[in-house]
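Dropping target.cif in here (mmCIF, C-alpha atoms and all ligand atoms):
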data_coords
loop_
_atom_site.label_atom_id
_atom_site.label_comp_id
_atom_site.auth_asym_id
_atom_site.auth_seq_id
_atom_site.Cartn_x
_atom_site.Cartn_y
_atom_site.Cartn_z
CA MET A 19 2.84 -13.03 -10.50
CA GLU A 20 1.59 -16.45 -11.53
CA ILE A 21 -1.34 -18.61 -10.54
CA THR A 22 -1.81 -22.34 -10.95
CA CYS A 23 -4.75 -24.36 -9.86
CA GLN A 24 -5.28 -27.92 -8.73
CA GLN A 25 -8.40 -29.75 -7.64
CA VAL A 26 -7.92 -31.98 -4.61
CA SER A 27 -11.19 -33.78 -3.92
CA ASP A 28 -13.65 -31.04 -2.99
CA VAL A 29 -10.98 -28.40 -2.42
CA THR A 30 -9.65 -26.02 -5.06
CA LEU A 31 -6.02 -25.37 -4.33
CA ILE A 32 -4.75 -22.11 -5.82
CA LYS A 33 -1.01 -21.64 -5.85
CA VAL A 34 0.25 -18.09 -6.20
CA GLN A 35 3.78 -17.09 -7.04
CA GLY A 36 5.66 -13.82 -7.29
CA ARG A 37 4.87 -10.26 -6.23
CA ILE A 38 1.47 -8.83 -5.51
CA ASP A 39 1.52 -5.06 -5.38
CA HIS A 40 -0.49 -2.32 -7.07
CA ARG A 41 1.07 -3.22 -10.41
CA THR A 42 0.02 -6.85 -10.31
CA ALA A 43 -3.06 -6.69 -8.06
CA THR A 44 -5.51 -6.35 -10.95
CA ASP A 45 -4.00 -9.36 -12.72
CA PHE A 46 -4.10 -11.27 -9.46
CA GLY A 47 -7.80 -10.45 -9.04
CA ASN A 48 -8.58 -11.40 -12.63
CA ALA A 49 -6.67 -14.65 -12.28
CA LEU A 50 -8.56 -15.59 -9.11
CA LYS A 51 -11.95 -14.84 -10.61
CA PRO A 52 -12.48 -17.88 -12.85
CA HIS A 53 -11.63 -20.21 -9.98
CA LEU A 54 -13.95 -18.43 -7.64
CA ASN A 55 -16.66 -18.47 -10.27
CA GLN A 56 -16.75 -22.19 -9.69
CA CYS A 57 -17.95 -21.23 -6.28
CA LYS A 58 -20.82 -19.36 -7.88
CA ALA A 59 -21.70 -22.39 -9.93
CA GLY A 60 -22.00 -24.23 -6.66
CA GLU A 61 -19.73 -27.07 -7.58
CA TYR A 62 -16.76 -26.63 -5.33
CA LYS A 63 -16.98 -24.30 -2.40
CA LYS A 64 -13.72 -24.79 -0.61
CA PHE A 65 -10.61 -22.83 -1.56
CA ILE A 66 -7.10 -22.78 -0.25
CA ILE A 67 -4.82 -20.05 -1.49
CA ASP A 68 -1.24 -21.22 -1.19
CA LEU A 69 0.87 -18.09 -0.75
CA GLY A 70 4.11 -20.01 -0.25
CA GLY A 71 5.52 -18.62 -3.49
CA VAL A 72 4.62 -15.00 -2.75
CA ASP A 73 7.66 -13.02 -1.71
CA PHE A 74 6.18 -9.53 -1.75
CA MET A 75 2.71 -8.24 -1.00
CA THR A 76 1.27 -4.81 -0.22
CA SER A 77 -2.19 -3.70 0.87
CA ALA A 78 -3.23 -3.90 -2.79
CA GLY A 79 -2.77 -7.68 -2.70
CA LEU A 80 -4.57 -8.00 0.61
CA ARG A 81 -7.53 -6.13 -0.80
CA VAL A 82 -7.80 -8.55 -3.71
CA LEU A 83 -7.80 -11.45 -1.26
CA MET A 84 -10.52 -9.74 0.73
CA THR A 85 -12.67 -9.15 -2.35
CA ALA A 86 -12.26 -12.81 -3.29
CA ALA A 87 -13.11 -13.98 0.21
CA LYS A 88 -16.21 -11.81 0.29
CA ALA A 89 -17.40 -13.10 -3.07
CA CYS A 90 -16.92 -16.62 -1.84
CA ASP A 91 -18.59 -15.91 1.46
CA LYS A 92 -21.68 -14.71 -0.37
CA GLN A 93 -21.92 -18.12 -2.03
CA LYS A 94 -21.44 -19.78 1.35
CA GLY A 95 -18.00 -20.91 0.27
CA GLU A 96 -14.88 -21.17 2.37
CA VAL A 97 -11.45 -19.62 1.78
CA ALA A 98 -8.25 -20.20 3.68
CA VAL A 99 -4.70 -19.02 3.06
CA ALA A 100 -1.67 -21.18 3.68
CA ALA A 101 2.11 -21.34 3.79
CA LEU A 102 2.78 -17.63 4.28
CA ARG A 103 6.41 -16.60 4.27
CA PRO A 104 7.56 -14.73 7.41
CA GLY A 105 7.25 -11.24 5.86
CA ILE A 106 3.79 -11.94 4.45
CA LYS A 107 2.72 -13.46 7.75
CA GLU A 108 3.79 -10.26 9.48
CA ILE A 109 1.78 -8.20 7.01
CA PHE A 110 -1.27 -10.34 7.78
CA ARG A 111 -0.78 -9.59 11.48
CA ILE A 112 -0.17 -5.85 11.00
CA SER A 113 -3.23 -5.46 8.75
CA ARG A 114 -5.25 -7.65 11.16
CA PHE A 115 -6.05 -9.91 8.22
CA ASP A 116 -5.04 -12.79 10.49
CA LEU A 117 -8.21 -12.04 12.45
CA VAL A 118 -10.56 -12.24 9.47
CA PHE A 119 -8.84 -14.94 7.40
CA ARG A 120 -8.19 -18.54 8.25
CA VAL A 121 -4.43 -18.76 8.09
CA PHE A 122 -2.57 -22.10 8.12
CA SER A 123 1.16 -22.64 8.29
CA THR A 124 1.10 -25.35 5.61
CA VAL A 125 -1.16 -26.42 2.76
CA LYS A 126 -1.45 -29.80 4.40
CA SER A 127 -2.77 -28.38 7.66
CA ALA A 128 -5.23 -26.20 5.74
CA LEU A 129 -6.51 -29.26 3.88
CA GLU A 130 -6.82 -31.25 7.08
CA ASN A 131 -8.93 -28.50 8.51
CA LEU A 132 -11.14 -27.87 5.49
CA SER A 133 -11.52 -31.39 4.18
CA PRO A 134 -9.96 -34.55 5.67
CA ASP A 135 -10.89 -36.33 2.46
CA ALA A 136 -8.84 -33.89 0.37
CA ALA A 137 -5.97 -34.08 2.87
CA ALA A 138 -5.84 -37.84 2.40
CA ASN A 139 -5.67 -37.45 -1.38
CA TYR A 140 -3.13 -34.64 -1.38
CA LYS A 141 0.39 -35.32 -2.56
CA GLU A 142 2.91 -32.55 -2.08
CA VAL A 143 4.87 -31.71 -5.21
CA MET B 8 6.76 25.92 7.50
CA ARG B 9 5.61 24.77 10.91
CA ILE B 10 2.73 22.38 11.49
CA ARG B 11 1.13 22.46 14.93
CA PHE B 12 -1.36 19.79 15.94
CA TRP B 13 -4.07 21.07 18.26
CA GLY B 14 -6.35 18.04 17.89
CA THR B 15 -5.65 14.64 16.37
CA ARG B 16 -8.47 12.32 17.45
CA GLY B 17 -11.19 11.06 15.12
CA SER B 18 -14.95 11.15 15.48
CA ILE B 19 -15.26 12.33 19.09
CA PRO B 20 -12.88 13.87 21.62
CA VAL B 21 -11.67 11.58 24.38
CA ALA B 22 -9.76 12.03 27.62
CA ALA B 23 -7.51 9.73 29.58
CA ASP B 24 -9.57 8.61 32.56
CA GLY B 25 -8.33 8.01 36.11
CA HIS B 26 -7.58 4.35 35.48
CA MET B 27 -5.40 5.17 32.48
CA ILE B 28 -3.44 7.81 34.39
CA ARG B 29 -3.03 5.45 37.35
CA GLU B 30 -1.69 2.77 35.00
CA LYS B 31 0.91 5.21 33.63
CA ILE B 32 2.00 6.16 37.16
CA ARG B 33 2.16 2.52 38.20
CA THR B 34 4.29 1.55 35.19
CA ALA B 35 6.61 4.54 35.68
CA LEU B 36 7.13 3.73 39.36
CA SER B 37 7.73 0.11 38.59
CA LEU B 38 10.33 1.02 35.96
CA ALA B 39 12.03 3.38 38.43
CA GLU B 40 12.78 0.31 40.57
CA GLY B 41 13.01 2.30 43.76
CA ARG B 42 15.80 4.51 42.51
CA HIS B 43 16.59 7.76 44.28
CA PHE B 44 16.66 10.98 42.29
CA GLU B 45 19.16 13.59 43.47
CA ASN B 46 17.36 16.51 41.83
CA GLU B 47 14.59 17.61 39.45
CA ASN B 48 16.95 17.25 36.52
CA GLN B 49 17.44 13.56 37.19
CA ILE B 50 13.68 13.09 37.33
CA GLU B 51 13.27 14.79 33.97
CA LEU B 52 16.05 12.69 32.52
CA PHE B 53 14.50 9.49 33.79
CA ILE B 54 11.13 10.45 32.32
CA ASP B 55 12.55 11.38 28.93
CA GLU B 56 15.05 8.59 28.53
CA SER B 57 13.70 5.63 30.42
CA LEU B 58 9.97 5.82 29.80
CA ARG B 59 8.33 4.98 26.51
CA PHE B 60 6.08 7.59 24.86
CA PRO B 61 2.75 6.12 26.02
CA ILE B 62 3.98 6.08 29.64
CA ARG B 63 5.66 9.47 29.81
CA PHE B 64 3.23 11.28 27.52
CA GLY B 65 0.25 10.39 25.34
CA TYR B 66 -1.56 11.19 22.13
CA GLY B 67 -4.22 13.46 23.62
CA GLY B 68 -7.87 13.38 22.77
CA ASP B 69 -8.95 16.59 21.05
CA SER B 70 -10.59 16.20 17.66
CA SER B 71 -9.11 17.41 14.35
CA CYS B 72 -7.45 20.82 14.33
CA VAL B 73 -4.10 21.50 12.66
CA GLN B 74 -2.40 24.86 12.35
CA ILE B 75 -0.06 25.67 9.50
CA GLU B 76 2.37 28.47 10.29
CA GLY B 77 4.44 30.35 7.78
CA GLY B 78 2.07 32.96 6.38
CA GLY B 79 1.41 36.39 7.81
CA GLU B 80 -2.05 35.39 9.07
CA TYR B 81 -3.40 32.40 10.94
CA MET B 82 -4.14 29.25 8.96
CA VAL B 83 -5.90 26.22 10.42
CA CYS B 84 -7.29 23.00 9.01
CA ASP B 85 -10.59 22.00 10.62
CA MET B 86 -12.18 23.21 13.82
CA GLY B 87 -12.43 20.15 16.01
CA SER B 88 -12.28 20.45 19.78
CA GLY B 89 -8.55 21.21 19.51
CA LEU B 90 -9.54 24.68 18.29
CA ARG B 91 -10.48 25.58 21.85
CA ARG B 92 -6.85 25.31 22.96
CA PHE B 93 -5.65 27.22 19.91
CA GLY B 94 -8.07 30.03 20.84
CA GLN B 95 -6.90 29.95 24.45
CA LYS B 96 -3.30 30.30 23.33
CA ILE B 97 -4.18 33.38 21.31
CA MET B 98 -6.05 34.88 24.26
CA THR B 99 -3.07 34.20 26.53
CA ASP B 100 -0.64 35.74 24.05
CA TYR B 101 -2.69 38.76 22.99
CA GLY B 102 -5.56 39.12 25.45
CA CYS B 103 -8.72 40.34 23.78
CA GLY B 104 -6.41 41.82 21.19
CA LEU B 105 -8.79 44.64 20.36
CA ASP B 106 -5.86 46.63 19.12
CA HIS B 107 -4.54 43.57 17.25
CA PRO B 108 -7.26 42.61 14.79
CA LYS B 109 -6.41 39.25 13.29
CA VAL B 110 -7.27 37.36 10.15
CA TYR B 111 -7.95 33.63 10.41
CA HIS B 112 -8.13 31.27 7.43
CA PHE B 113 -9.89 27.98 8.15
CA PHE B 114 -9.77 25.11 5.68
CA MET B 115 -12.58 22.64 6.21
CA SER B 116 -12.22 19.01 5.20
CA HIS B 117 -15.98 18.77 5.76
CA VAL B 118 -18.48 19.77 8.42
CA HIS B 119 -19.01 16.58 10.39
CA TRP B 120 -19.42 17.48 14.01
CA ASP B 121 -15.95 16.41 15.13
CA HIS B 122 -14.51 18.94 12.67
CA ILE B 123 -16.59 21.98 13.67
CA MET B 124 -17.31 21.46 17.38
CA GLY B 125 -14.45 23.70 18.52
CA PHE B 126 -15.82 26.85 16.93
CA PRO B 127 -18.30 27.87 19.65
CA PHE B 128 -15.36 27.73 22.08
CA PHE B 129 -13.03 29.85 19.96
CA PRO B 130 -12.89 33.25 21.71
CA PRO B 131 -11.59 35.25 18.69
CA ALA B 132 -14.92 34.56 16.95
CA TYR B 133 -16.64 36.67 19.60
CA ILE B 134 -14.35 39.67 19.19
CA SER B 135 -15.25 42.36 16.68
CA GLY B 136 -12.42 43.47 14.46
CA ASN B 137 -11.30 39.89 13.81
CA THR B 138 -11.81 38.43 10.36
CA ILE B 139 -12.61 34.75 9.93
CA ARG B 140 -12.61 33.16 6.49
CA ILE B 141 -13.93 29.64 6.29
CA TYR B 142 -12.95 27.81 3.09
CA GLY B 143 -14.23 24.50 1.85
CA GLY B 144 -14.93 22.36 -1.17
CA HIS B 145 -18.61 22.12 -0.20
CA SER B 146 -21.04 24.86 -1.17
CA THR B 147 -21.10 27.90 1.11
CA ASP B 148 -24.70 26.98 2.02
CA VAL B 149 -23.66 23.58 3.30
CA LEU B 150 -20.76 25.06 5.25
CA GLU B 151 -22.67 27.96 6.79
CA ASP B 152 -25.73 25.88 7.61
CA ALA B 153 -23.67 23.43 9.69
CA PHE B 154 -22.03 26.21 11.71
CA ARG B 155 -25.27 28.06 12.27
CA ARG B 156 -27.14 24.94 13.32
CA GLN B 157 -24.52 23.93 15.85
CA GLN B 158 -24.71 27.40 17.34
CA SER B 159 -28.43 27.84 17.72
CA SER B 160 -30.99 26.99 20.36
CA PRO B 161 -31.36 24.42 21.87
CA CYS B 162 -27.84 23.17 21.04
CA PHE B 163 -25.86 26.15 22.27
CA PRO B 164 -26.69 29.22 24.36
CA VAL B 165 -24.95 31.85 22.22
CA ASP B 166 -26.52 32.31 18.81
CA TRP B 167 -24.41 32.58 15.66
CA ASN B 168 -25.67 36.14 15.09
CA GLN B 169 -24.10 37.25 18.36
CA LEU B 170 -20.57 36.52 17.14
CA GLY B 171 -18.52 39.70 16.86
CA ALA B 172 -16.00 38.73 14.21
CA ASP B 173 -16.51 39.32 10.53
CA ILE B 174 -17.13 35.77 9.29
CA SER B 175 -17.38 34.69 5.67
CA PHE B 176 -17.64 31.37 3.85
CA ILE B 177 -15.72 30.74 0.66
CA HIS B 178 -16.21 27.87 -1.75
CA LEU B 179 -13.05 26.49 -3.35
CA GLU B 180 -13.03 24.28 -6.41
CA VAL B 181 -11.03 21.11 -6.76
CA ASP B 182 -8.03 20.75 -9.04
CA ARG B 183 -7.10 24.39 -9.35
CA TRP B 184 -4.58 26.45 -7.45
CA TYR B 185 -5.49 29.27 -5.12
CA GLU B 186 -3.18 31.75 -3.48
CA ILE B 187 -4.15 32.31 0.12
CA ASN B 188 -2.03 33.94 2.81
CA GLY B 189 1.12 33.47 0.77
CA PHE B 190 0.45 29.73 0.26
CA CYS B 191 -0.52 27.93 -2.92
CA VAL B 192 -3.53 25.78 -2.06
CA LYS B 193 -5.20 22.99 -4.01
CA LEU B 194 -8.14 20.73 -3.12
CA MET B 195 -9.00 17.13 -3.83
CA ARG B 196 -12.40 15.50 -3.38
CA GLN B 197 -12.29 12.48 -1.09
CA SER B 198 -14.56 9.54 -0.49
CA HIS B 199 -16.47 10.14 2.75
CA HIS B 200 -20.11 10.42 3.77
CA GLY B 201 -21.23 13.67 2.09
CA SER B 202 -17.74 14.04 0.59
CA SER B 203 -14.68 15.54 2.21
CA PHE B 204 -11.77 17.50 0.79
CA GLY B 205 -8.03 17.12 1.12
CA TYR B 206 -5.71 20.12 0.88
CA ARG B 207 -2.26 20.54 -0.55
CA PHE B 208 -0.39 23.60 0.74
CA GLU B 209 2.83 24.76 -0.87
CA LYS B 210 5.16 27.57 0.10
CA ASP B 211 8.87 28.25 -0.36
CA GLY B 212 9.45 24.87 -1.94
CA LYS B 213 7.82 22.99 0.94
CA THR B 214 4.59 21.00 0.78
CA VAL B 215 2.17 19.69 3.35
CA VAL B 216 -0.93 17.64 2.50
CA TYR B 217 -3.86 17.44 4.89
CA SER B 218 -6.03 14.47 4.01
CA THR B 219 -8.43 13.33 6.69
CA ASP B 220 -11.80 11.62 6.71
CA ALA B 221 -11.03 9.89 3.46
CA GLU B 222 -11.64 6.27 2.57
CA TYR B 223 -8.99 5.29 0.07
CA LYS B 224 -10.20 1.99 -1.26
CA LEU B 225 -7.71 2.07 -4.10
CA GLN B 226 -10.08 0.01 -6.20
CA ASN B 227 -9.04 1.31 -9.56
CA GLU B 228 -5.70 2.50 -10.75
CA GLU B 229 -7.03 5.76 -12.19
CA GLU B 230 -8.41 6.87 -8.83
CA THR B 231 -5.26 5.78 -7.02
CA ALA B 232 -3.00 7.57 -9.48
CA ALA B 233 -4.93 10.80 -8.84
CA VAL B 234 -4.31 10.51 -5.09
CA GLU B 235 -0.68 9.67 -5.72
CA ASP B 236 -0.42 12.79 -7.83
CA PHE B 237 -1.96 14.91 -5.10
CA PHE B 238 0.53 13.56 -2.54
CA ARG B 239 3.51 13.63 -4.91
CA ASN B 240 6.85 14.54 -3.26
CA ALA B 241 5.15 16.15 -0.28
CA ASP B 242 7.36 16.88 2.71
CA LEU B 243 4.53 15.86 5.02
CA VAL B 244 1.24 14.03 4.53
CA ILE B 245 -1.27 14.12 7.38
CA PHE B 246 -3.42 11.08 6.73
CA ASP B 247 -6.58 9.47 8.10
CA ALA B 248 -5.17 6.18 9.40
CA MET B 249 -8.06 5.45 11.71
CA TYR B 250 -8.53 1.72 11.07
CA SER B 251 -6.64 -1.45 10.37
CA LEU B 252 -6.93 -2.64 6.78
CA ALA B 253 -9.06 -5.59 7.93
CA ASP B 254 -11.48 -3.25 9.69
CA MET B 255 -11.76 -0.81 6.79
CA SER B 256 -12.49 -3.63 4.39
CA THR B 257 -14.98 -5.54 6.54
CA ILE B 258 -17.09 -4.25 9.43
CA ARG B 259 -16.09 -0.63 8.86
CA GLU B 260 -16.25 -0.60 5.11
CA ASP B 261 -17.85 2.59 3.79
CA TRP B 262 -17.43 4.34 7.14
CA GLY B 263 -15.26 6.87 5.33
CA HIS B 264 -11.82 6.23 6.79
CA SER B 265 -8.54 4.70 5.73
CA SER B 266 -5.96 2.44 7.24
CA ASN B 267 -2.40 2.84 8.46
CA ILE B 268 -0.88 0.61 5.79
CA VAL B 269 -2.86 2.09 2.90
CA GLY B 270 -1.23 5.37 3.94
CA VAL B 271 2.22 3.78 3.75
CA ASP B 272 1.57 2.38 0.27
CA LEU B 273 0.23 5.68 -1.05
CA CYS B 274 3.07 7.72 0.46
CA LEU B 275 5.71 5.32 -0.85
CA ARG B 276 4.25 5.52 -4.32
CA ALA B 277 4.11 9.31 -4.18
CA LYS B 278 7.65 9.54 -2.75
CA VAL B 279 6.44 11.46 0.29
CA LYS B 280 9.10 12.28 2.90
CA HIS B 281 7.11 12.10 6.12
CA TYR B 282 3.83 10.26 6.69
CA CYS B 283 1.92 11.32 9.77
CA MET B 284 -0.99 9.18 10.96
CA PHE B 285 -4.01 11.18 12.08
CA HIS B 286 -7.71 11.01 13.10
CA HIS B 287 -7.15 8.28 15.67
CA GLU B 288 -9.85 5.83 16.62
CA PRO B 289 -11.37 7.09 19.92
CA ALA B 290 -11.41 3.57 21.38
CA TYR B 291 -7.61 3.27 21.11
CA ASN B 292 -5.54 4.09 24.17
CA ASP B 293 -1.98 5.40 24.11
CA GLU B 294 -0.44 1.92 24.20
CA THR B 295 -2.51 0.78 21.23
CA LEU B 296 -1.63 3.85 19.16
CA TYR B 297 2.04 3.34 20.03
CA THR B 298 1.88 -0.32 19.00
CA ILE B 299 0.21 0.63 15.71
CA LEU B 300 3.02 3.11 15.05
CA GLN B 301 5.67 0.39 15.55
CA GLU B 302 3.70 -2.00 13.32
CA THR B 303 3.28 0.61 10.62
CA LYS B 304 7.02 1.32 10.65
CA ARG B 305 7.63 -2.41 10.39
CA TYR B 306 5.26 -2.66 7.42
CA GLU B 307 7.17 0.15 5.71
CA LYS B 308 10.41 -1.75 6.27
CA ILE B 309 8.95 -4.85 4.64
CA VAL B 310 7.49 -3.16 1.57
CA HIS B 311 9.69 -0.15 0.95
CA GLU B 312 12.11 -0.77 -1.84
CA ASN B 313 14.09 2.24 -2.95
CA HIS B 314 12.35 4.98 -1.02
CA TYR B 315 12.57 5.56 2.72
CA LEU B 316 9.49 6.97 4.40
CA LYS B 317 9.54 8.62 7.80
CA ILE B 318 6.48 7.66 9.84
CA SER B 319 4.96 9.24 12.92
CA THR B 320 1.67 9.34 14.76
CA ALA B 321 0.22 12.79 15.37
CA TYR B 322 -0.49 13.77 18.95
CA ASP B 323 -1.99 16.87 20.50
CA ASN B 324 0.68 19.61 20.75
CA LEU B 325 3.01 17.90 18.29
CA ILE B 326 5.03 20.35 16.20
CA ILE B 327 6.55 19.34 12.88
CA ASP B 328 8.86 21.68 10.99
CA ILE B 329 9.32 21.08 7.30
ZN ZN C 1 -13.72 13.11 11.45
ZN ZN C 2 -16.24 12.79 8.85
#

Any chance you could put this one into structure tokens?
Ligand SMILES: [Zn+2]
Ligand SMILES: [Zn+2]
Amino acid sequence: MEITCQQVSDVTLIKVQGRIDHRTATDFGNALKPHLNQCKAGEYKKFIIDLGGVDFMTSAGLRVLMTAAKACDKQKGEVAVAALRPGIKEIFRISRFDLVFRVFSTVKSALENLSPDAAANYKEV
Amino acid sequence: MRIRFWGTRGSIPVAADGHMIREKIRTALSLAEGRHFENENQIELFIDESLRFPIRFGYGGDSSCVQIEGGGEYMVCDMGSGLRRFGQKIMTDYGCGLDHPKVYHFFMSHVHWDHIMGFPFFPPAYISGNTIRIYGGHSTDVLEDAFRRQQSSPCFPVDWNQLGADISFIHLEVDRWYEINGFCVKLMRQSHHGSSFGYRFEKDGKTVVYSTDAEYKLQNEEETAAVEDFFRNADLVIFDAMYSLADMSTIREDWGHSSNIVGVDLCLRAKVKHYCMFHHEPAYNDETLYTILQETKRYEKIVHENHYLKISTAYDNLIIDI
């Protein structure tokens, strides 16, 4: 599991790669924390978690996402997830996470929704 | 070992109302497409082979009560409203059974109302000569108090002291083995309002785990590993799968129940053979429970790697042999 981060205007774009199961969930949570702490500091309050590189996720991973979303929510921040692979998308539906998370099919569409300014400045790599 | 489900619903018993039954009839007739049945056999065949489970049958609505057969005496987990039908069955089979005094072992997850409400309607409790042992991880005071209160004025017309059977309460400690009715029994404390207890029963190389009214948040690895250990290699795990993961981690957080997919993850980790979802949300109808079963099987297919897990949803009158 790997995380990289990129600031696009007022949106923090967090790209996740690899597996998120009970073995990697703690690392995933710890890796998300510093980025979400920005939210606490009040600087940037919009986050997009790009799950395009995640090929395996269990409930353990979903729970980490939920904890992160709750922490952000408390600070009046916004979190969206984007670019879910078919299997992960299905898991979102089965767990009903699609009803409590904002899910976008691409990073671009998530940006357009959260911040048109960031969408304009975003260049896909 | 035979597991017999007398009640499988969570929180409060429910019944299919007229509209639900009418909908089943309507769907069945529509699927029959005007066909003519030559005899009763053809009707049965059509029902069994052409109608899906929620149309031809249903999950029932009695609250938690699960019998474990295989010892010389009766063994039952929890006394939800399903206990009434268990008692009726005994009365039908043995009558008052005055010449057949029986011993009953009841294992209580906890004493929330949906888990004790069947007791006042359990005829063997009224018959002298019968022995009823009520085990639990809570103190005997907590256990006995709940039963006495439910069966006292103004809640119920027949007072506890009028029961004829010889009734005793027995406290069991967690993390040690007991031998009861030829079974090895172990308890685990679970996260639930006022605590609940899961049971692991072993006999003749077979294992069943009864774990209801438990909120497995799986927040730290130590806690999760302990649950995994308790479930390890079980032939059957009966699991509180009341909510979706989204519900149990948002609006229903800390309500004391788990989710269908948390059950899958735990059972896969523990290399369980058969995972049986239990303590169904009372608001769910048969179609919803059936859909959740298909989804849960699908989830297992996505995340299982080298271990195959059989998955079912408990329903009233279900029998599982292990
Ligand atoms: Zn309950
Ligand atoms: Zn309860």

* To do: May I have the residues within 9 Å of ligand ZN 1 (chain C), computed using all atoms listed in the file, as number ranges by chain?
  => B: 16-19, 70-71, 87, 116-122, 219-220, 247, 263-264, 286

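Atom CA of A:Ile32 is positioned 14.5 Å from atom CA of A:Asp45.
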
* Asked: What lies within 6 Å of stretch 269-283 of chain B using all atoms listed in the file, ignoring chain neighbours under 6 positions off, as JSON, numbers by chain?
  -> {"B": [235, 238, 239, 240, 241, 242, 243, 244, 245, 316, 317, 318, 319, 320]}

* Kindly determine which residues of chain B lie within 12 Å of chain A, considering all atoms listed in the file, and give the answer as a ChimeraX atom specification. => /B:223-229,231-232,248,250-258,260,265-273,275-276,298-312

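Compared by their closest atoms to ligand ZN 2 (chain C), and using only C-alpha atoms and all ligand atoms, the residues B:Phe204, B:Phe154, B:Phe237, B:Tyr315 rank with B:Phe204 nearest.
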
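Computed from the coordinates, the atom CA of B:Asp328 to atom CA of B:Arg11 distance equals 8.7 Å.
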
* Asked: In Å, how far is it from atom CA of A:Ser123 to atom CA of A:Leu102?
  -> 6.6 Å

* For a cut-off of 10 Å around (3.3, -14.4, -6.4), file coordinates, pick out all residues using only C-alpha atoms and list them as a list in words. => Met19, Glu20, Ile21, Lys33, Val34, Gln35, Gly36, Arg37, Ile38, Asp39, Thr42, Phe46, Asp68, Leu69, Gly70, Gly71, Val72, Asp73, Phe74, Met75 and Gly79 of chain A

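Nearest to B:Phe114 of all the residues B:Gln74, B:Asn168, B:Ser135, B:Gln49 is B:Gln74, based on only C-alpha atoms.
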
* Asked: Using only C-alpha atoms, can you list as a PyMOL selection string the residues within 12 Å of (-7.8, 31.9, 12.5)?
  -> chain B and resi 72-76+78-86+90-91+93-94+96-97+108-114+126+129-132+137-142+172-174+188

* To do: With a distance cut-off of 9 Å and all atoms listed in the file, select the neighbouring residues of A:Ile67, excluding the residue or stretch itself and same-chain residues fewer than 6 positions from it, and output the selection as a ChimeraX atom specification.
  => /A:30-34,97-101,125

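Checking B:Ser37, B:Gln197, B:Thr147, B:Ser88 one by one against ligand ZN 2 (chain C), counting all atoms listed in the file, you find the shortest gap at B:Gln197.
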
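Nearest to ligand ZN 2 (chain C) of all the residues B:Ser146, B:Gln95, B:Ser203, B:Ser57 is B:Ser203, counting all atoms listed in the file.
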
* Contacts of B:Lys210 within 6 Å, all atoms listed in the file, excl. fewer than 2 positions in-chain, as a PyMOL selection string -> chain B and resi 190+212-213

* Using only C-alpha atoms, which residues sit within 12 Å of stretch 39-41 of chain B once same-chain residues fewer than 2 positions away are excluded, as a ChimeraX atom specification? -> /B:32-37,43-44,49-50,52-54,56-58
